[in-house]
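**Student:** Pasting entry-v8.txt below, which is compact mmCIF, C-alpha atoms.
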```txt
# COMPACT_ATOMS: atom_id res chain seq x y z
CA MET U 1333 -0.52 74.65 -42.05
CA GLY U 1334 -4.22 73.93 -42.34
CA SER U 1335 -3.87 70.31 -41.28
CA GLU U 1336 -1.54 71.33 -38.44
CA PHE U 1337 -4.19 73.66 -37.13
CA THR U 1338 -6.82 70.91 -37.35
CA LYS U 1339 -4.56 68.65 -35.33
CA TYR U 1340 -4.30 71.15 -32.47
CA PHE U 1341 -8.02 71.80 -32.64
CA GLU U 1342 -8.71 68.06 -32.44
CA LEU U 1343 -6.41 67.78 -29.43
CA ILE U 1344 -8.27 70.58 -27.65
CA ILE U 1345 -11.68 69.04 -28.37
CA SER U 1346 -10.48 65.61 -27.33
CA ALA U 1347 -8.97 66.84 -24.06
CA SER U 1348 -11.97 68.98 -23.14
CA LEU U 1349 -14.95 66.85 -24.22
CA ILE U 1350 -14.07 63.26 -25.05
CA ASN U 1351 -11.40 62.63 -22.45
CA ASN U 1352 -12.67 65.22 -20.01
CA PHE U 1353 -10.41 65.00 -16.99
CA VAL U 1354 -13.20 65.14 -14.44
CA PHE U 1355 -15.69 62.78 -16.03
CA THR U 1356 -13.56 60.16 -17.73
CA ARG U 1357 -10.24 60.28 -15.88
CA PHE U 1358 -11.56 61.32 -12.48
CA LEU U 1359 -8.88 63.82 -11.68
CA GLY U 1360 -9.25 67.04 -9.76
CA LEU U 1361 -12.27 65.75 -7.92
CA CYS U 1362 -11.42 67.34 -4.57
CA ILE U 1363 -11.44 70.81 -6.11
CA PHE U 1364 -14.37 69.90 -8.34
CA PHE U 1365 -16.59 69.04 -5.37
CA GLY U 1366 -15.11 71.76 -3.21
CA VAL U 1367 -15.68 74.84 -5.37
CA SER U 1368 -18.76 73.87 -7.38
CA LYS U 1369 -21.21 75.11 -4.78
CA LYS U 1370 -21.47 78.62 -6.15
CA MET U 1371 -21.37 79.89 -9.71
CA GLU U 1372 -19.12 82.82 -8.90
CA THR U 1373 -16.35 80.76 -7.33
CA ALA U 1374 -16.66 78.19 -10.10
CA VAL U 1375 -16.02 80.83 -12.77
CA GLY U 1376 -13.10 82.34 -10.85
CA MET U 1377 -11.53 78.96 -10.36
CA SER U 1378 -11.97 78.05 -14.04
CA ILE U 1379 -10.16 81.17 -15.27
CA THR U 1380 -7.23 80.82 -12.86
CA PHE U 1381 -7.01 77.14 -13.52
CA THR U 1382 -6.86 77.29 -17.31
CA ALA U 1383 -4.18 79.98 -17.21
CA VAL U 1384 -1.97 78.13 -14.72
CA MET U 1385 -2.45 74.88 -16.60
CA MET U 1386 -1.24 76.30 -19.93
CA ILE U 1387 1.80 78.00 -18.40
CA SER U 1388 2.79 74.94 -16.40
CA ALA U 1389 2.37 72.71 -19.47
CA ALA U 1390 4.69 75.01 -21.44
CA LEU U 1391 7.28 75.34 -18.65
CA SER U 1392 7.44 71.66 -17.84
CA TRP U 1393 7.74 70.80 -21.54
CA VAL U 1394 10.80 73.04 -21.80
CA VAL U 1395 12.38 71.59 -18.66
CA PHE U 1396 11.55 68.01 -19.61
CA THR U 1397 12.79 68.14 -23.21
CA LYS U 1398 15.70 70.53 -22.87
CA LEU U 1399 17.04 69.49 -19.47
CA MET U 1400 15.78 66.15 -18.27
CA ILE U 1401 16.08 64.09 -21.46
CA PRO U 1402 19.66 65.22 -22.25
CA LEU U 1403 20.69 64.63 -18.63
CA GLU U 1404 18.84 61.29 -18.54
CA ILE U 1405 17.01 62.07 -15.31
CA THR U 1406 13.49 61.42 -16.61
CA PHE U 1407 12.79 59.16 -13.60
CA LEU U 1408 12.70 62.30 -11.47
CA GLU U 1409 9.73 63.67 -13.42
CA ILE U 1410 7.31 63.64 -10.46
CA ILE U 1411 9.63 65.62 -8.19
CA VAL U 1412 10.61 68.10 -10.90
CA PHE U 1413 7.05 68.73 -12.11
CA ILE U 1414 5.65 69.25 -8.63
CA GLY U 1415 8.52 71.64 -7.99
CA ILE U 1416 7.78 73.60 -11.16
CA ILE U 1417 4.08 73.85 -10.31
CA ALA U 1418 4.64 74.87 -6.69
CA GLY U 1419 7.16 77.49 -7.82
CA LEU U 1420 4.86 78.77 -10.55
CA VAL U 1421 1.91 79.07 -8.20
CA GLN U 1422 4.02 80.87 -5.61
CA ALA U 1423 5.44 83.21 -8.26
CA SER U 1424 2.08 84.10 -9.80
CA ASP U 1425 0.73 84.68 -6.31
CA THR U 1426 3.46 87.23 -5.60
CA ILE U 1427 3.30 88.86 -9.04
CA MET U 1428 -0.47 89.18 -8.98
CA ARG U 1429 -0.43 90.75 -5.53
CA LYS U 1430 2.05 93.41 -6.68
CA VAL U 1431 0.81 94.07 -10.21
CA SER U 1432 -2.93 93.74 -9.91
CA PRO U 1433 -4.29 93.74 -6.36
CA GLY U 1434 -7.88 93.79 -7.67
CA LEU U 1435 -7.40 90.55 -9.59
CA TYR U 1436 -5.52 89.08 -6.65
CA TYR U 1437 -8.39 89.90 -4.34
CA LYS U 1438 -10.75 88.02 -6.65
CA LEU U 1439 -8.66 85.04 -7.73
CA GLY U 1440 -5.88 84.80 -5.14
CA ILE U 1441 -7.52 82.16 -2.97
CA TYR U 1442 -7.90 79.79 -5.91
CA LEU U 1443 -4.21 79.99 -6.64
CA ALA U 1444 -3.35 78.50 -3.27
CA LEU U 1445 -5.79 75.65 -3.87
CA ILE U 1446 -4.40 74.86 -7.30
CA SER U 1447 -1.11 73.37 -6.15
CA THR U 1448 -2.96 70.52 -4.46
CA ASN U 1449 -4.85 69.70 -7.62
CA CYS U 1450 -3.97 66.54 -9.40
CA ILE U 1451 -5.01 67.64 -12.92
CA ILE U 1452 -2.34 70.28 -12.89
CA LEU U 1453 0.27 67.60 -12.22
CA ALA U 1454 -1.34 65.09 -14.57
CA VAL U 1455 -1.05 67.36 -17.63
CA PRO U 1456 2.78 67.52 -17.62
CA LEU U 1457 2.96 63.80 -16.82
CA VAL U 1458 0.68 62.92 -19.75
CA ASN U 1459 2.54 65.35 -22.04
CA ALA U 1460 5.82 63.69 -21.14
CA GLY U 1461 4.35 60.21 -21.53
CA GLU U 1462 2.82 60.91 -24.94
CA LYS U 1463 5.92 62.82 -26.16
CA TYR U 1464 3.84 65.77 -27.35
CA SER U 1465 5.53 68.67 -29.14
CA PHE U 1466 5.62 72.15 -27.57
CA LEU U 1467 2.44 73.42 -29.25
CA GLN U 1468 0.68 70.12 -28.71
CA SER U 1469 1.51 70.32 -25.00
CA ILE U 1470 0.05 73.80 -24.77
CA SER U 1471 -3.07 72.73 -26.71
CA PHE U 1472 -3.49 69.77 -24.40
CA GLY U 1473 -3.14 72.02 -21.34
CA PHE U 1474 -5.63 74.49 -22.76
CA GLY U 1475 -8.11 71.76 -23.67
CA SER U 1476 -7.86 70.18 -20.25
CA GLY U 1477 -8.41 73.54 -18.58
CA LEU U 1478 -11.42 74.19 -20.79
CA GLY U 1479 -12.85 70.77 -19.96
CA PHE U 1480 -12.41 71.39 -16.25
CA ALA U 1481 -14.06 74.79 -16.59
CA LEU U 1482 -17.00 73.26 -18.44
CA ALA U 1483 -17.43 70.57 -15.78
CA LEU U 1484 -17.24 73.09 -12.94
CA ILE U 1485 -19.76 75.45 -14.50
CA ILE U 1486 -22.27 72.70 -15.34
CA MET U 1487 -21.96 71.31 -11.82
CA ALA U 1488 -22.23 74.71 -10.14
CA SER U 1489 -25.40 75.59 -12.02
CA ILE U 1490 -26.98 72.26 -11.08
CA ARG U 1491 -25.97 72.56 -7.42
CA GLU U 1492 -27.42 76.05 -7.15
CA LYS U 1493 -30.77 74.64 -8.23
CA LEU U 1494 -30.32 71.66 -5.95
CA GLU U 1495 -30.41 73.91 -2.89
CA LEU U 1496 -34.17 74.07 -3.35
CA ALA U 1497 -34.71 70.38 -4.02
CA ASP U 1498 -35.99 67.91 -1.47
CA VAL U 1499 -33.10 65.47 -1.09
CA PRO U 1500 -33.31 62.47 1.31
CA ALA U 1501 -31.43 63.30 4.53
CA VAL U 1502 -28.63 60.75 4.15
CA PHE U 1503 -27.98 61.87 0.58
CA LYS U 1504 -27.67 65.57 1.49
CA GLY U 1505 -24.49 67.26 0.38
CA LEU U 1506 -21.68 65.19 -1.07
CA PRO U 1507 -23.46 61.87 -1.78
CA MET U 1508 -26.00 63.69 -3.94
CA ALA U 1509 -23.23 65.60 -5.70
CA PHE U 1510 -21.60 62.28 -6.54
CA VAL U 1511 -24.80 60.83 -7.96
CA ILE U 1512 -25.30 63.93 -10.12
CA THR U 1513 -21.71 63.77 -11.34
CA GLY U 1514 -22.35 60.15 -12.29
CA LEU U 1515 -25.29 61.19 -14.41
CA ILE U 1516 -23.33 63.99 -16.11
CA ALA U 1517 -20.49 61.54 -16.74
CA LEU U 1518 -23.00 59.21 -18.36
CA ALA U 1519 -24.04 62.05 -20.66
CA PHE U 1520 -20.40 62.76 -21.48
CA THR U 1521 -19.87 59.18 -22.69
CA GLY U 1522 -21.99 60.31 -25.62
CA PHE U 1523 -19.01 62.36 -26.84
CA SER U 1524 -16.80 59.31 -27.26
CA GLY U 1525 -16.26 58.59 -30.92
CA LEU U 1526 -16.77 62.24 -31.87
CA ILE U 1527 -13.22 62.38 -33.20
CA THR U 1528 -10.88 59.46 -33.69
CA LEU U 1529 -7.34 60.72 -33.25
CA MET A 380 1.97 54.12 31.56
CA SER A 381 2.47 51.44 28.99
CA SER A 382 -1.22 50.52 28.96
CA THR A 383 -2.37 54.09 28.39
CA SER A 384 0.11 54.61 25.60
CA THR A 385 -0.97 51.40 23.85
CA THR A 386 -4.66 52.32 24.02
CA SER A 387 -3.92 55.74 22.62
CA LEU A 388 -1.93 54.16 19.81
CA LYS A 389 -4.89 51.90 19.11
CA ASP A 390 -7.21 54.91 19.12
CA LEU A 391 -4.94 56.74 16.72
CA PHE A 392 -4.95 53.73 14.45
CA LEU A 393 -8.75 53.33 14.55
CA ASN A 394 -9.34 57.05 14.11
CA GLY A 395 -8.07 56.91 10.53
CA ILE A 396 -10.15 53.88 9.68
CA ILE A 397 -13.51 54.88 11.08
CA LYS A 398 -13.93 58.39 12.39
CA GLU A 399 -11.78 60.20 9.86
CA ASN A 400 -11.93 57.81 6.94
CA THR A 401 -10.26 59.71 4.12
CA ILE A 402 -12.81 58.91 1.46
CA PHE A 403 -16.16 58.37 3.17
CA LYS A 404 -15.85 60.99 5.90
CA LEU A 405 -13.34 63.61 4.82
CA ALA A 406 -14.06 63.26 1.09
CA LEU A 407 -10.42 63.86 0.21
CA SER A 408 -8.22 62.10 -2.35
CA LEU A 409 -11.23 61.04 -4.33
CA CYS A 410 -9.61 60.66 -7.72
CA PRO A 411 -8.30 57.10 -7.36
CA SER A 412 -11.37 56.00 -5.43
CA ILE A 413 -13.25 56.18 -8.71
CA ALA A 414 -10.54 55.74 -11.29
CA VAL A 415 -9.07 52.40 -10.25
CA THR A 416 -11.95 50.72 -8.47
CA ASN A 417 -13.67 48.89 -11.32
CA ASN A 418 -11.68 45.79 -10.38
CA LEU A 419 -11.02 44.48 -6.87
CA LYS A 420 -7.36 43.68 -7.55
CA ASN A 421 -6.50 47.18 -8.79
CA GLY A 422 -8.34 48.70 -5.85
CA ILE A 423 -6.39 46.63 -3.34
CA PHE A 424 -3.00 47.41 -4.90
CA MET A 425 -3.78 51.14 -5.12
CA GLY A 426 -4.86 51.12 -1.47
CA ALA A 427 -1.69 49.28 -0.47
CA ALA A 428 0.43 51.85 -2.32
CA VAL A 429 -1.23 54.70 -0.44
CA LEU A 430 -0.88 52.83 2.86
CA PHE A 431 2.86 52.46 2.24
CA VAL A 432 3.40 56.09 1.20
CA GLN A 433 1.33 57.49 4.07
CA THR A 434 3.15 55.43 6.69
CA MET A 435 6.63 56.12 5.33
CA VAL A 436 5.94 59.85 4.95
CA ASN A 437 4.64 60.08 8.51
CA ILE A 438 7.67 58.23 9.85
CA THR A 439 10.14 60.33 7.85
CA ILE A 440 8.54 63.64 8.80
CA SER A 441 8.28 62.75 12.48
CA LEU A 442 11.96 61.79 12.55
CA MET A 443 12.94 65.01 10.78
CA ARG A 444 10.57 67.32 12.60
CA LYS A 445 13.21 68.87 14.84
CA VAL A 446 15.49 69.92 11.99
CA ILE A 447 12.85 71.29 9.60
CA HIS A 448 12.60 75.05 9.71
CA PRO A 449 8.89 76.00 9.95
CA LYS A 450 9.16 78.47 7.07
CA VAL A 451 10.25 75.94 4.51
CA ARG A 452 8.25 73.02 5.87
CA LEU A 453 5.76 72.70 3.00
CA PRO A 454 8.35 72.34 0.21
CA ILE A 455 10.20 69.82 2.37
CA PHE A 456 7.03 67.82 2.99
CA MET A 457 6.35 67.82 -0.76
CA LEU A 458 9.89 66.60 -1.44
CA VAL A 459 9.57 63.79 1.10
CA ILE A 460 6.20 62.76 -0.32
CA SER A 461 7.34 62.82 -3.94
CA GLY A 462 10.45 60.87 -2.98
CA TRP A 463 8.40 58.08 -1.43
CA VAL A 464 5.92 58.15 -4.32
CA THR A 465 8.78 57.72 -6.78
CA VAL A 466 10.02 54.75 -4.75
CA THR A 467 6.54 53.22 -4.70
CA SER A 468 5.91 53.68 -8.39
CA MET A 469 9.30 52.14 -9.26
CA LEU A 470 8.65 49.17 -6.96
CA MET A 471 5.21 48.61 -8.47
CA ALA A 472 6.50 48.93 -12.04
CA ALA A 473 9.06 46.25 -11.23
CA PHE A 474 6.97 43.77 -9.25
CA VAL A 475 3.38 44.17 -10.48
CA PRO A 476 3.76 45.46 -14.06
CA ASP A 477 0.24 44.42 -15.13
CA VAL A 478 -1.39 46.44 -12.35
CA TYR A 479 1.02 49.32 -12.87
CA ALA A 480 0.04 49.54 -16.55
CA LYS A 481 -3.51 50.36 -15.45
CA VAL A 482 -3.02 52.45 -12.33
CA GLY A 483 0.44 53.93 -12.95
CA LEU A 484 -0.72 57.49 -13.54
CA TYR A 485 -2.76 57.43 -10.35
CA ILE A 486 0.17 56.06 -8.34
CA GLN A 487 2.27 59.00 -9.53
CA LEU A 488 -0.51 61.38 -8.59
CA ILE A 489 -0.41 60.25 -4.95
CA VAL A 490 1.96 63.22 -4.68
CA ALA A 491 -0.97 65.60 -4.97
CA PHE A 492 -3.06 63.84 -2.32
CA ALA A 493 -4.32 66.41 0.12
CA SER A 494 -4.77 63.72 2.76
CA ILE A 495 -1.11 62.74 2.89
CA LEU A 496 0.13 66.33 3.10
CA ALA A 497 -2.53 67.08 5.69
CA ARG A 498 -1.44 64.25 7.98
CA ALA A 499 2.21 65.26 7.62
CA GLU A 500 1.35 68.86 8.48
CA MET A 501 -1.21 68.27 11.22
CA PHE A 502 0.12 65.16 12.88
CA ALA A 503 3.57 63.87 12.00
CA SER A 504 5.31 67.23 12.26
CA LYS A 505 4.16 67.55 15.87
CA ASN A 506 4.38 64.00 17.20
CA SER A 507 7.07 61.46 17.88
CA PHE A 508 7.84 58.29 16.00
CA MET A 509 5.32 55.76 17.36
CA PRO A 510 2.14 57.89 17.31
CA SER A 511 3.02 59.11 13.81
CA MET A 512 3.45 55.58 12.59
CA ALA A 513 0.13 54.52 14.16
CA ASP A 514 -1.61 57.51 12.59
CA GLY A 515 -0.10 56.81 9.18
CA LEU A 516 -1.00 53.12 9.36
CA GLY A 517 -4.56 53.95 10.42
CA MET A 518 -5.08 56.51 7.68
CA GLY A 519 -3.60 54.15 5.11
CA VAL A 520 -5.64 51.16 6.24
CA GLY A 521 -8.76 53.32 6.20
CA PHE A 522 -8.01 54.27 2.62
CA LEU A 523 -7.31 50.66 1.67
CA PHE A 524 -10.58 49.65 3.33
CA ALA A 525 -12.56 52.28 1.43
CA LEU A 526 -11.03 51.33 -1.92
CA THR A 527 -11.67 47.64 -1.23
CA VAL A 528 -15.32 48.24 -0.37
CA ILE A 529 -15.91 50.41 -3.44
CA SER A 530 -14.18 48.06 -5.86
CA PHE A 531 -15.83 44.98 -4.32
CA PHE A 532 -19.25 46.57 -4.81
CA ARG A 533 -18.53 47.82 -8.32
CA GLU A 534 -17.01 44.64 -9.68
CA LEU A 535 -19.68 42.42 -8.15
CA VAL A 536 -22.60 44.49 -9.37
CA GLY A 537 -21.08 45.51 -12.68
CA LYS A 538 -19.49 42.32 -13.94
CA GLY A 539 -20.73 39.63 -11.58
CA THR A 540 -17.15 38.60 -10.79
CA LEU A 541 -14.52 39.19 -8.14
CA THR A 542 -10.81 39.32 -8.94
CA ILE A 543 -8.96 38.33 -5.78
CA PRO A 544 -5.17 38.68 -5.86
CA THR A 545 -3.52 35.49 -4.63
CA SER A 546 0.07 36.64 -5.05
CA LEU A 547 1.90 39.54 -6.65
CA SER A 548 1.53 38.22 -10.16
CA SER A 549 -1.58 36.03 -10.13
CA ALA A 550 -5.21 36.55 -9.29
CA HIS A 551 -8.18 34.30 -8.84
CA VAL A 552 -11.39 35.27 -10.61
CA ILE A 553 -14.61 34.08 -9.00
CA THR A 554 -17.66 34.28 -11.19
CA PHE A 555 -20.95 34.77 -9.40
CA MET A 556 -23.20 35.63 -12.28
CA HIS A 557 -22.61 34.90 -15.93
CA THR A 558 -24.70 37.82 -17.10
CA LYS A 559 -23.52 41.35 -16.55
CA PRO A 560 -26.17 42.64 -14.18
CA LEU A 561 -25.48 46.36 -14.16
CA LEU A 562 -22.75 47.13 -16.64
CA ILE A 563 -22.93 50.83 -15.85
CA MET A 564 -21.21 50.19 -12.51
CA VAL A 565 -17.87 49.35 -14.13
CA LEU A 566 -18.13 52.28 -16.53
CA PRO A 567 -16.68 55.62 -15.44
CA ALA A 568 -20.09 57.03 -14.61
CA GLY A 569 -20.86 54.12 -12.33
CA GLY A 570 -17.91 55.01 -10.12
CA PHE A 571 -19.51 58.28 -9.11
CA LEU A 572 -22.83 56.57 -8.49
CA ALA A 573 -21.17 53.84 -6.40
CA VAL A 574 -19.26 56.30 -4.21
CA GLY A 575 -22.36 58.46 -3.78
CA ILE A 576 -24.47 55.51 -2.73
CA LEU A 577 -21.79 54.13 -0.38
CA MET A 578 -21.31 57.55 1.25
CA ALA A 579 -25.04 57.80 1.81
CA PHE A 580 -24.96 54.28 3.24
CA PHE A 581 -22.22 55.21 5.75
CA ASN A 582 -24.13 58.34 6.68
CA TRP A 583 -27.17 56.17 7.24
CA ILE A 584 -25.21 53.85 9.55
CA ASP A 585 -24.01 56.90 11.44
CA VAL A 586 -27.51 58.22 11.94
CA ARG A 587 -29.04 54.84 12.66
CA TYR A 588 -26.52 53.29 15.04
CA MET A 589 -24.19 55.94 16.33
CA LYS A 590 -27.10 58.12 17.43
CA LYS A 591 -25.00 61.19 16.79
CA GLY A 592 -27.48 62.43 14.25
CA ALA A 593 -24.61 64.18 12.53
CA VAL A 594 -24.92 64.10 8.77
CA SER A 595 -21.87 66.12 7.93
CA HIS A 596 -21.49 68.81 5.27
```
Can you turn what I pasted into structure tokens?
**Tutor:**
Amino acid sequence: MGSEFTKYFELIISASLINNFVFTRFLGLCIFFGVSKKMETAVGMSITFTAVMMISAALSWVVFTKLMIPLEITFLEIIVFIGIIAGLVQASDTIMRKVSPGLYYKLGIYLALISTNCIILAVPLVNAGEKYSFLQSISFGFGSGLGFALALIIMASIREKLELADVPAVFKGLPMAFVITGLIALAFTGFSGLITL
Amino acid sequence: MSSTSTTSLKDLFLNGIIKENTIFKLALSLCPSIAVTNNLKNGIFMGAAVLFVQTMVNITISLMRKVIHPKVRLPIFMLVISGWVTVTSMLMAAFVPDVYAKVGLYIQLIVAFASILARAEMFASKNSFMPSMADGLGMGVGFLFALTVISFFRELVGKGTLTIPTSLSSAHVITFMHTKPLLIMVLPAGGFLAVGILMAFFNWIDVRYMKKGAVSH
């Protein structure tokens, strides 16, 4: 039991720090640059994101292992996973609006954005490729969400300060954000070798 | 009549390459622009895959636009896109397995490209066959161009070499420098730096030569 737990913990650390989706696999960049301008939106996005990611990892694991492998239709994985995610996002949108309008008011707009995010599709694809077990899939989803949250929050806090900085005119806005992300990514390479799985 | 329609097709084609370049101007679909561009060959194949998917999706949607009910259009667009992406990823796995081993995940993730869905929604669902094809080709070529520029720059500065694909299975490696001048450029972090610098460079060209004075964002 103890070693099992360590394994899941290692998976979470590896997905969030060492193989951080934003800094080492470059996924989810559109959202990353889009919502990291303000701290408040960054936090809202992170919460919604991690939740959706874990649920979609769990759902797609069930569909992939219990339906697609027995039926031998694994080549349809892209279509099925995007369907699951779009359905899930639509469903949580509707449920949140009915059950908790306050939460919907705060986080609803991020939900709509999530379905165009590539990390959320990448997690089920990686899970299927690596043949993770159910709990491993969820840990991987959680770790990836945590990593994305960390990246967003670091970036948002830097960009808030950057508003006051004197940036050369042609670098204003996105180019500067890219250069900063490059420097953070450089710092994140320091995590490689933290755990060898 | 024919002359006006050909110029407008040309404009549509050029629009995607220059004015609305997916990566440098719209800053969409950025993931592969950094992930696969540490090598010129991978960059070119990734760009070609996007060019193919974008064109085919635009053509399909414009042909189907009269029968798609507006309420269910987004799921149908997604289905069309993921269908063509599946086709592309199978073709690449079969014909260029060595490239596919490196960029396979990113090929599959073309499904989630905002730029492809956006063109289907904004352009192909409202226009007929020829303009949609021109728009798709332009957008795709613009993407291919951006990926080629980024990977050219990164490989040359980072490794001092250029890997030029000569056919589907072979590539010619030209070595310019035997040292590795700026290794950071082929590392993940260098990708962000390269795109940032190139974006600033295109902004600079805009300000300097176009006289629009419009630094966007």
**Student:** At most 9 Å is the cut-off: for each residue in chain U with any atom that close to an atom of chain A, write down the nearest atom pair and the distance in Å rounded to one decimal, counting all atoms listed in the file, chain first then increasing number, as JSON lines.
**Tutor:**
```
{"residue": "U:Val1354", "atom": "CA", "partner": "A:Cys410", "partner_atom": "CA", "distance": 8.8}
{"residue": "U:Phe1355", "atom": "CA", "partner": "A:Pro567", "partner_atom": "CA", "distance": 7.3}
{"residue": "U:Thr1356", "atom": "CA", "partner": "A:Pro567", "partner_atom": "CA", "distance": 6.0}
{"residue": "U:Arg1357", "atom": "CA", "partner": "A:Ala414", "partner_atom": "CA", "distance": 6.5}
{"residue": "U:Phe1358", "atom": "CA", "partner": "A:Cys410", "partner_atom": "CA", "distance": 5.2}
{"residue": "U:Leu1359", "atom": "CA", "partner": "A:Cys410", "partner_atom": "CA", "distance": 5.1}
{"residue": "U:Gly1360", "atom": "CA", "partner": "A:Cys410", "partner_atom": "CA", "distance": 6.7}
{"residue": "U:Leu1361", "atom": "CA", "partner": "A:Cys410", "partner_atom": "CA", "distance": 5.7}
{"residue": "U:Cys1362", "atom": "CA", "partner": "A:Leu407", "partner_atom": "CA", "distance": 6.0}
{"residue": "U:Phe1407", "atom": "CA", "partner": "A:Thr465", "partner_atom": "CA", "distance": 8.0}
{"residue": "U:Leu1408", "atom": "CA", "partner": "A:Thr465", "partner_atom": "CA", "distance": 7.6}
{"residue": "U:Glu1409", "atom": "CA", "partner": "A:Thr465", "partner_atom": "CA", "distance": 9.0}
{"residue": "U:Ile1410", "atom": "CA", "partner": "A:Ser461", "partner_atom": "CA", "distance": 6.6}
{"residue": "U:Ile1411", "atom": "CA", "partner": "A:Ser461", "partner_atom": "CA", "distance": 5.6}
{"residue": "U:Ile1414", "atom": "CA", "partner": "A:Met457", "partner_atom": "CA", "distance": 8.0}
{"residue": "U:Gly1415", "atom": "CA", "partner": "A:Pro454", "partner_atom": "CA", "distance": 8.2}
{"residue": "U:Ala1418", "atom": "CA", "partner": "A:Pro454", "partner_atom": "CA", "distance": 8.2}
{"residue": "U:Ser1447", "atom": "CA", "partner": "A:Ala491", "partner_atom": "CA", "distance": 7.9}
{"residue": "U:Thr1448", "atom": "CA", "partner": "A:Ala491", "partner_atom": "CA", "distance": 5.3}
{"residue": "U:Asn1449", "atom": "CA", "partner": "A:Ala491", "partner_atom": "CA", "distance": 6.2}
{"residue": "U:Cys1450", "atom": "CA", "partner": "A:Ala491", "partner_atom": "CA", "distance": 5.4}
{"residue": "U:Ile1451", "atom": "CA", "partner": "A:Leu488", "partner_atom": "CA", "distance": 8.8}
{"residue": "U:Leu1453", "atom": "CA", "partner": "A:Leu488", "partner_atom": "CA", "distance": 7.2}
{"residue": "U:Ala1454", "atom": "CA", "partner": "A:Leu488", "partner_atom": "CA", "distance": 7.1}
{"residue": "U:Leu1457", "atom": "CA", "partner": "A:Leu484", "partner_atom": "CA", "distance": 8.0}
{"residue": "U:Val1458", "atom": "CA", "partner": "A:Leu484", "partner_atom": "CA", "distance": 8.4}
{"residue": "U:Ala1501", "atom": "CA", "partner": "A:Val594", "partner_atom": "CA", "distance": 7.8}
{"residue": "U:Val1502", "atom": "CA", "partner": "A:Ala579", "partner_atom": "CA", "distance": 5.2}
{"residue": "U:Phe1503", "atom": "CA", "partner": "A:Ala579", "partner_atom": "CA", "distance": 5.2}
{"residue": "U:Lys1504", "atom": "CA", "partner": "A:Val594", "partner_atom": "CA", "distance": 7.9}
{"residue": "U:Gly1505", "atom": "CA", "partner": "A:His596", "partner_atom": "CA", "distance": 5.9}
{"residue": "U:Leu1506", "atom": "CA", "partner": "A:Gly575", "partner_atom": "CA", "distance": 7.3}
{"residue": "U:Pro1507", "atom": "CA", "partner": "A:Gly575", "partner_atom": "CA", "distance": 4.1}
{"residue": "U:Met1508", "atom": "CA", "partner": "A:Gly575", "partner_atom": "CA", "distance": 6.4}
{"residue": "U:Ala1509", "atom": "CA", "partner": "A:Gly575", "partner_atom": "CA", "distance": 7.4}
{"residue": "U:Phe1510", "atom": "CA", "partner": "A:Gly575", "partner_atom": "CA", "distance": 4.8}
{"residue": "U:Val1511", "atom": "CA", "partner": "A:Leu572", "partner_atom": "CA", "distance": 4.7}
{"residue": "U:Ile1512", "atom": "CA", "partner": "A:Leu572", "partner_atom": "CA", "distance": 7.9}
{"residue": "U:Thr1513", "atom": "CA", "partner": "A:Phe571", "partner_atom": "CA", "distance": 6.3}
{"residue": "U:Gly1514", "atom": "CA", "partner": "A:Ala568", "partner_atom": "CA", "distance": 4.5}
{"residue": "U:Leu1515", "atom": "CA", "partner": "A:Ala568", "partner_atom": "CA", "distance": 6.7}
{"residue": "U:Ile1516", "atom": "CA", "partner": "A:Ala568", "partner_atom": "CA", "distance": 7.8}
{"residue": "U:Ala1517", "atom": "CA", "partner": "A:Ala568", "partner_atom": "CA", "distance": 5.0}
{"residue": "U:Leu1518", "atom": "CA", "partner": "A:Ala568", "partner_atom": "CA", "distance": 5.2}
{"residue": "U:Ala1519", "atom": "CA", "partner": "A:Ala568", "partner_atom": "CA", "distance": 8.8}
{"residue": "U:Phe1520", "atom": "CA", "partner": "A:Ala568", "partner_atom": "CA", "distance": 9.0}
{"residue": "U:Thr1521", "atom": "CA", "partner": "A:Ala568", "partner_atom": "CA", "distance": 8.4}
```
**Student:** To one decimal in Å, tell me the separation between CA of Asn418 in chain A and CA of Val565 in chain A.
**Tutor:**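 Taking CA of Asn418 in chain A as the start and CA of Val565 in chain A as the end point, the length is 8.1 Å.
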**Student:** Please compute the CA of Val1375 in chain U-CA of Lys1430 in chain U distance, one decimal, in Å.
**Tutor:**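 Computing it gives 22.8 Å between the two atoms.
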**Student:** Would you list the contacts of Leu1349 in chain U as a VMD selection string, taking every protein, DNA or RNA residue within 9 Å and counting all atoms listed in the file, but skipping same-chain residues closer than 5 positions in sequence?
**Tutor:** chain U and resid 1344 1475 to 1476 1478 to 1479 1482 1520 1523 to 1524
**Student:** How many Å lie between CA of Ser1388 in chain U and CA of Ser1346 in chain U, rounded to one decimal?
**Tutor:**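 Value for the CA of Ser1388 in chain U-CA of Ser1346 in chain U distance: 19.6 Å.
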**Student:** Which polymer residues have any atom within 12 Å of an atom of Ile1441 in chain U, counting all atoms listed in the file, with same-chain residues fewer than 2 positions away left out, as a PyMOL selection string?
**Tutor:** chain U and resi 1367+1373+1376-1377+1380-1381+1421-1422+1424-1425+1428-1429+1435-1439+1443-1447
**Student:** Measuring between only C-alpha atoms, which one of A:Phe508, A:Phe456, A:Phe502, A:Phe424 shows the shortest distance to Ser468 in chain A?
**Tutor:** A:Phe424
**Student:** Counting all atoms listed in the file, note down every residue that has an atom within 12 Å of the point (3.5, 50.8, 4.3) (file coordinates), as a list in words.
**Tutor:**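 Residues close enough to count: Phe424, Met425, Gly426, Ala427, Ala428, Val429, Leu430, Phe431, Val432, Gln433, Thr434, Met435, Val436, Asn437, Ile438, Trp463, Val464, Val466, Thr467, Met512, Ala513, Asp514, Gly515, Leu516, Gly517, Met518, Gly519, Val520 and Leu523 of chain A.
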